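I have placed the structure first, in the form of structure tokens, so that the comments after it can refer back to it.
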Amino acid sequence: MLSFTRPLARMAGLVQLRSASTAANAAKPTYTAPASVIVPTQFKPNTKGQGLMQLISKEETKRLGADGRSKLFNKSHQDCLRPGDVVLVETLNSMSTDKTSTFIGVLIAMDRRGLHSNFTVRNVVLKVGVEMKYMLYSPLIKAVRVMKKGEGFRRAKLFYLRDNPGRAFRLEGLVRQDKAEQAKKAVKA
Amino acid sequence: MASLLNSVRVGLRAGLTTECRSFVTAATQPATWTSKSLRSGVIARKKGMTAMWDEWGVRIPVTVLQLEQCQVVQVLNEEAHGYTALQIGSSDRSETNVTKPMLGHFEKAGVQPKRKLFEFRVTPDAVLPVGTELVASHFVPGQYVDCSAPTMGKGFQGAMKRHGFGGQPASHGTSVTHRSLGSTGQRKDPGKVFKGKKMAGRMGGEQATVQSLKVMKVDNDLNLIYVKGCVPGVDEQFVKVQDAVKKRGDKIAPADVLPLPFPTADPKLVKAMPRELVAKTGGSDPYVMQE
């Protein structure tokens, strides 16, 4: 398919000739990615039975969900999130530090959109209702832990909790409990 | 008089051919990029939009463009056509669906008949031989491109949507004229409505160019280019992708990926590349407060 009929100038700075014993090997170029280019985990493309955009979305989901976060949205999995669960989300403050921020609250919405899947967590902090929307596959999300399984919630979207919270946002002590659990895990490891 | 004109014509042609001979028969010369060089663009198909996260964790919307059998069909040169350009064809089609004149045109080039043909002006040192395939690695991750395509058709639209007119107040006595264009001119002088007066009419379906879109990712196996942002037109649309005209010289791409593959990507180098290459956004971490 690639039909060149004349020799072309090689890209300066990107070609490294392998030191080889034979002349044939010496002619084969190798590619080293420059500093401004990232080489992500590579997959073999297979468009059989699915369109291009579906393939791309699936590959990216596999790449970003390598830590197993896809199970949080997989209904067949026992660790799947359900609306009404009390969830603790740990996010990195930035990609350059290890410092994290924690937000705990009730999961009021889950949107299944493949790579763009997201969920909304609500809590009442110092008498102010706060909702945080997180993209599931964002690299800034470090961990999502279920602190308490929701019981008695019969809707997929719990937006009614904005007006009728009842006792849903009585979440004191759960952050402390989580810290203690994490400290124990760290000691064990 | 005729002989004088003839001699002038001969002189001109001779001058042109001496200049052009070295470029037209570029097969013997290796091509080197200069600051005045202009390389070819490609024809891609808009496949859709998705998103990716960059190295700082910032979510970036991207448009996926696919190069489908993008080949050089004709070389237009100074002496025969008056300018230097490459006619690029994209997307193979069956010979039964092509007219005889077009079949002849493609047979002359020795390529499979194509669905779309566009010309790209190039400098003589960027001329490629007929039949050369242009691949996704013609563009490097991190460079800027311009994308041109017909916009989405919006049908017959009023002046408010089509030209951004303000309309009239919603109340205070306005009768039945809330979205109309209002006055169309003066009175007895000039006594007419000027040509080109902005009015309601068909909107969309015209060529638009979005400039300086960053190439975020290049896929060598599927021949994909991911550009940051939006591209005009519908999915499956043919899009002309060219190097950004407003980013000259060193500004077109980060320093370590320059020079751009000139006149196009070397197939041996493309084979050695991994399948996917992602551009870094660069700069400093946006989530860290700068002091």
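Residues in the structure tokens are numbered from 1 in each chain, the chains being A, B, ... in the order shown, and ligands are numbered from 1 in the order shown.
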Residue contacts of stretch 73-83 of chain A (6 Å, only C-alpha atoms) excluding same-chain residues fewer than 2 positions away, as a VMD selection string:
chain A and resid 70 to 71 85 107 to 108
Tell me which protein, DNA and RNA residues are within 10 Å of stretch 224-233 of chain B, counting only C-alpha atoms, leaving out same-chain ones fewer than 6 positions away, and put them as a PyMOL selection string.
chain B and resi 44-52+60-68+135-153+204-218+239+241+276-279
For a quick check of understanding, using only C-alpha atoms, which of B:Gly201, B:Gly110, B:Pro274, B:Gly82 has the smallest distance to chain A?
B:Pro274
Kindly provide, as an NGL selection string, the residues of chain B having any atom no farther than 8 Å from an atom of chain A, counting only C-alpha atoms.
:B and (27-28 or 30-32 or 47-48 or 50-51 or 53 or 55-57 or 59 or 129 or 131-133 or 141-142 or 221-222 or 254 or 256-263 or 266-269 or 272-280 or 282 or 285 or 287-288)
Can you tell me which residues surround stretch 177-182 of chain A at a distance of at most 12 Å, considering only C-alpha atoms, apart from same-chain residues fewer than 2 positions away, and format the answer as an mmCIF file with N, CA and C atoms, in the first residue's frame?
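out-v3.cif written:
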data_model
loop_
_atom_site.group_PDB
_atom_site.id
_atom_site.type_symbol
_atom_site.label_atom_id
_atom_site.label_comp_id
_atom_site.auth_asym_id
_atom_site.auth_seq_id
_atom_site.Cartn_x
_atom_site.Cartn_y
_atom_site.Cartn_z
ATOM 1 N N VAL A 86 -23.381 4.718 50.724
ATOM 2 C CA VAL A 86 -22.538 5.802 51.223
ATOM 3 C C VAL A 86 -21.138 5.530 50.725
ATOM 4 N N VAL A 87 -20.638 6.471 49.964
ATOM 5 C CA VAL A 87 -19.415 6.241 49.192
ATOM 6 C C VAL A 87 -18.358 7.258 49.597
ATOM 7 N N LEU A 88 -17.112 6.821 49.683
ATOM 8 C CA LEU A 88 -15.995 7.733 49.967
ATOM 9 C C LEU A 88 -15.118 7.791 48.729
ATOM 10 N N VAL A 89 -14.929 8.990 48.206
ATOM 11 C CA VAL A 89 -14.122 9.165 46.997
ATOM 12 C C VAL A 89 -12.837 9.878 47.374
ATOM 13 N N GLU A 90 -11.720 9.239 47.031
ATOM 14 C CA GLU A 90 -10.417 9.847 47.307
ATOM 15 C C GLU A 90 -9.849 10.322 45.975
ATOM 16 N N THR A 102 -10.582 13.958 50.255
ATOM 17 C CA THR A 102 -11.613 12.931 50.468
ATOM 18 C C THR A 102 -12.974 13.583 50.501
ATOM 19 N N PHE A 103 -13.939 12.950 49.885
ATOM 20 C CA PHE A 103 -15.329 13.404 49.959
ATOM 21 C C PHE A 103 -16.198 12.191 50.208
ATOM 22 N N ILE A 104 -17.029 12.276 51.234
ATOM 23 C CA ILE A 104 -17.922 11.163 51.553
ATOM 24 C C ILE A 104 -19.344 11.638 51.370
ATOM 25 N N ALA A 143 -9.323 6.414 44.607
ATOM 26 C CA ALA A 143 -10.046 5.259 45.142
ATOM 27 C C ALA A 143 -11.497 5.624 45.389
ATOM 28 N N VAL A 144 -12.357 4.631 45.263
ATOM 29 C CA VAL A 144 -13.774 4.797 45.590
ATOM 30 C C VAL A 144 -14.133 3.642 46.520
ATOM 31 N N ARG A 145 -14.528 3.971 47.752
ATOM 32 C CA ARG A 145 -14.822 2.908 48.724
ATOM 33 C C ARG A 145 -16.266 3.047 49.201
ATOM 34 N N VAL A 146 -16.908 1.913 49.345
ATOM 35 C CA VAL A 146 -18.281 1.919 49.865
ATOM 36 C C VAL A 146 -18.211 1.805 51.381
ATOM 37 N N MET A 147 -18.721 2.816 52.096
ATOM 38 C CA MET A 147 -18.669 2.804 53.560
ATOM 39 C C MET A 147 -19.884 2.103 54.140
ATOM 40 N N LYS A 148 -21.003 2.249 53.433
ATOM 41 C CA LYS A 148 -22.235 1.622 53.933
ATOM 42 C C LYS A 148 -23.131 1.310 52.743
ATOM 43 N N LEU A 171 -23.880 11.195 58.407
ATOM 44 C CA LEU A 171 -22.711 10.380 58.068
ATOM 45 C C LEU A 171 -21.536 10.643 58.999
ATOM 46 N N GLU A 172 -21.831 11.114 60.240
ATOM 47 C CA GLU A 172 -20.712 11.403 61.139
ATOM 48 C C GLU A 172 -20.000 10.128 61.507
ATOM 49 N N GLY A 173 -18.723 10.271 61.682
ATOM 50 C CA GLY A 173 -17.942 9.133 62.157
ATOM 51 C C GLY A 173 -17.430 8.229 61.066
ATOM 52 N N LEU A 174 -18.021 8.325 59.856
ATOM 53 C CA LEU A 174 -17.598 7.407 58.797
ATOM 54 C C LEU A 174 -16.221 7.765 58.249
ATOM 55 N N VAL A 175 -15.921 9.069 58.220
ATOM 56 C CA VAL A 175 -14.597 9.483 57.737
ATOM 57 C C VAL A 175 -13.529 8.997 58.714
ATOM 58 N N LYS A 184 -4.866 0.885 59.596
ATOM 59 C CA LYS A 184 -4.673 -0.561 59.893
ATOM 60 C C LYS A 184 -4.084 -1.279 58.689
ATOM 61 N N LYS A 185 -4.624 -0.951 57.506
ATOM 62 C CA LYS A 185 -4.138 -1.607 56.268
ATOM 63 C C LYS A 185 -2.674 -1.271 56.035
ATOM 64 N N ALA A 186 -2.330 -0.010 56.286
ATOM 65 C CA ALA A 186 -0.949 0.435 56.079
ATOM 66 C C ALA A 186 0.004 -0.310 57.031
ATOM 67 N N VAL A 187 -0.466 -0.504 58.285
ATOM 68 C CA VAL A 187 0.370 -1.208 59.279
ATOM 69 C C VAL A 187 0.590 -2.650 58.833
ATOM 70 N N LYS A 188 -0.500 -3.281 58.351
ATOM 71 C CA LYS A 188 -0.410 -4.683 57.906
ATOM 72 C C LYS A 188 0.584 -4.841 56.749
ATOM 73 N N ALA A 189 0.537 -3.858 55.837
ATOM 74 C CA ALA A 189 1.370 -3.921 54.621
ATOM 75 C C ALA A 189 2.814 -3.451 54.855
#
Find the residues around stretch 124-130 of chain A up to 9 Å (only C-alpha atoms counted), leave out those fewer than 3 positions away in its own chain, and share them as a ChimeraX atom specification.
/A:105,121,162,169-171
Report as a ChimeraX atom specification all protein, DNA and RNA residues lying within 7 Å of B:Thr123, evaluated on only C-alpha atoms, omitting residues in the same chain fewer than 4 positions from it.
/B:37-39,84
Restricted to all heavy atoms, what would the selected residues look like written as a PDB file, in the first residue's frame?
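Result written to out_22.pdb:
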ATOM      1  N   SER B  37       8.815  26.134   2.853  1.00  0.00           N
ATOM      2  CA  SER B  37       8.172  24.923   2.339  1.00  0.00           C
ATOM      3  C   SER B  37       6.752  24.811   2.836  1.00  0.00           C
ATOM      4  O   SER B  37       6.446  25.172   3.963  1.00  0.00           O
ATOM      5  CB  SER B  37       8.951  23.692   2.777  1.00  0.00           C
ATOM      6  OG  SER B  37      10.244  23.715   2.269  1.00  0.00           O
ATOM      7  N   LEU B  38       5.903  24.270   1.983  1.00  0.00           N
ATOM      8  CA  LEU B  38       4.508  24.020   2.335  1.00  0.00           C
ATOM      9  C   LEU B  38       4.206  22.589   1.926  1.00  0.00           C
ATOM     10  O   LEU B  38       4.252  22.268   0.744  1.00  0.00           O
ATOM     11  CB  LEU B  38       3.602  25.005   1.589  1.00  0.00           C
ATOM     12  CG  LEU B  38       2.098  24.808   1.742  1.00  0.00           C
ATOM     13  CD1 LEU B  38       1.673  25.096   3.156  1.00  0.00           C
ATOM     14  CD2 LEU B  38       1.353  25.720   0.784  1.00  0.00           C
ATOM     15  N   ARG B  39       3.930  21.725   2.905  1.00  0.00           N
ATOM     16  CA  ARG B  39       3.700  20.335   2.532  1.00  0.00           C
ATOM     17  C   ARG B  39       2.210  20.064   2.340  1.00  0.00           C
ATOM     18  O   ARG B  39       1.360  20.884   2.682  1.00  0.00           O
ATOM     19  CB  ARG B  39       4.310  19.369   3.548  1.00  0.00           C
ATOM     20  CG  ARG B  39       3.938  19.647   4.950  1.00  0.00           C
ATOM     21  CD  ARG B  39       4.549  18.636   5.887  1.00  0.00           C
ATOM     22  NE  ARG B  39       3.653  18.505   7.040  1.00  0.00           N
ATOM     23  CZ  ARG B  39       3.484  17.423   7.751  1.00  0.00           C
ATOM     24  NH1 ARG B  39       4.178  16.330   7.474  1.00  0.00           N
ATOM     25  NH2 ARG B  39       2.650  17.397   8.755  1.00  0.00           N
ATOM     26  N   THR B  84       1.742  24.852  -8.525  1.00  0.00           N
ATOM     27  CA  THR B  84       2.156  23.530  -8.034  1.00  0.00           C
ATOM     28  C   THR B  84       1.179  23.048  -6.980  1.00  0.00           C
ATOM     29  O   THR B  84       0.937  23.733  -5.985  1.00  0.00           O
ATOM     30  CB  THR B  84       3.566  23.605  -7.399  1.00  0.00           C
ATOM     31  OG1 THR B  84       4.363  24.485  -8.166  1.00  0.00           O
ATOM     32  CG2 THR B  84       4.201  22.235  -7.355  1.00  0.00           C
TER      33      THR B  84
END
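The space separating atom CA of B:Val111 from atom CA of B:Val72 comes to 8.6 Å.
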What is the distance between atom CA of B:Asp243 and atom CA of B:Ile43, in Å to one decimal?
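Separation between atom CA of B:Asp243 and atom CA of B:Ile43: 12.3 Å.
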Can you pull out every residue from stretch 108-250 of chain B that DSSP, working from the backbone, puts in strand (DSSP E or B), and format the result as JSON, numbers by chain?
{"B": [114, 115, 116, 117, 118, 119, 120, 121, 133, 144, 145, 146, 147, 148, 149, 150, 155, 156, 157, 187, 190, 201, 202, 203, 207, 208, 209, 210, 211, 212, 213, 214, 215, 216, 217, 218, 219, 224, 225, 226, 227, 228, 238, 239, 240, 241, 242, 243]}
So that I can see what lies close to B:Glu95, please list as a ChimeraX atom specification the residues with an atom at most 9 Å from it, counting only C-alpha atoms and leaving out residues fewer than 6 positions away in the same chain.
/B:103,112-113
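Residues surrounding B:Arg179 within 9 Å are Gly158, Ala159, Met160, Phe165, Gly166, Gly167, Gln168, Pro169, Val176 and Gly182 of chain B [only C-alpha atoms; sequence separation below 3 positions excluded].
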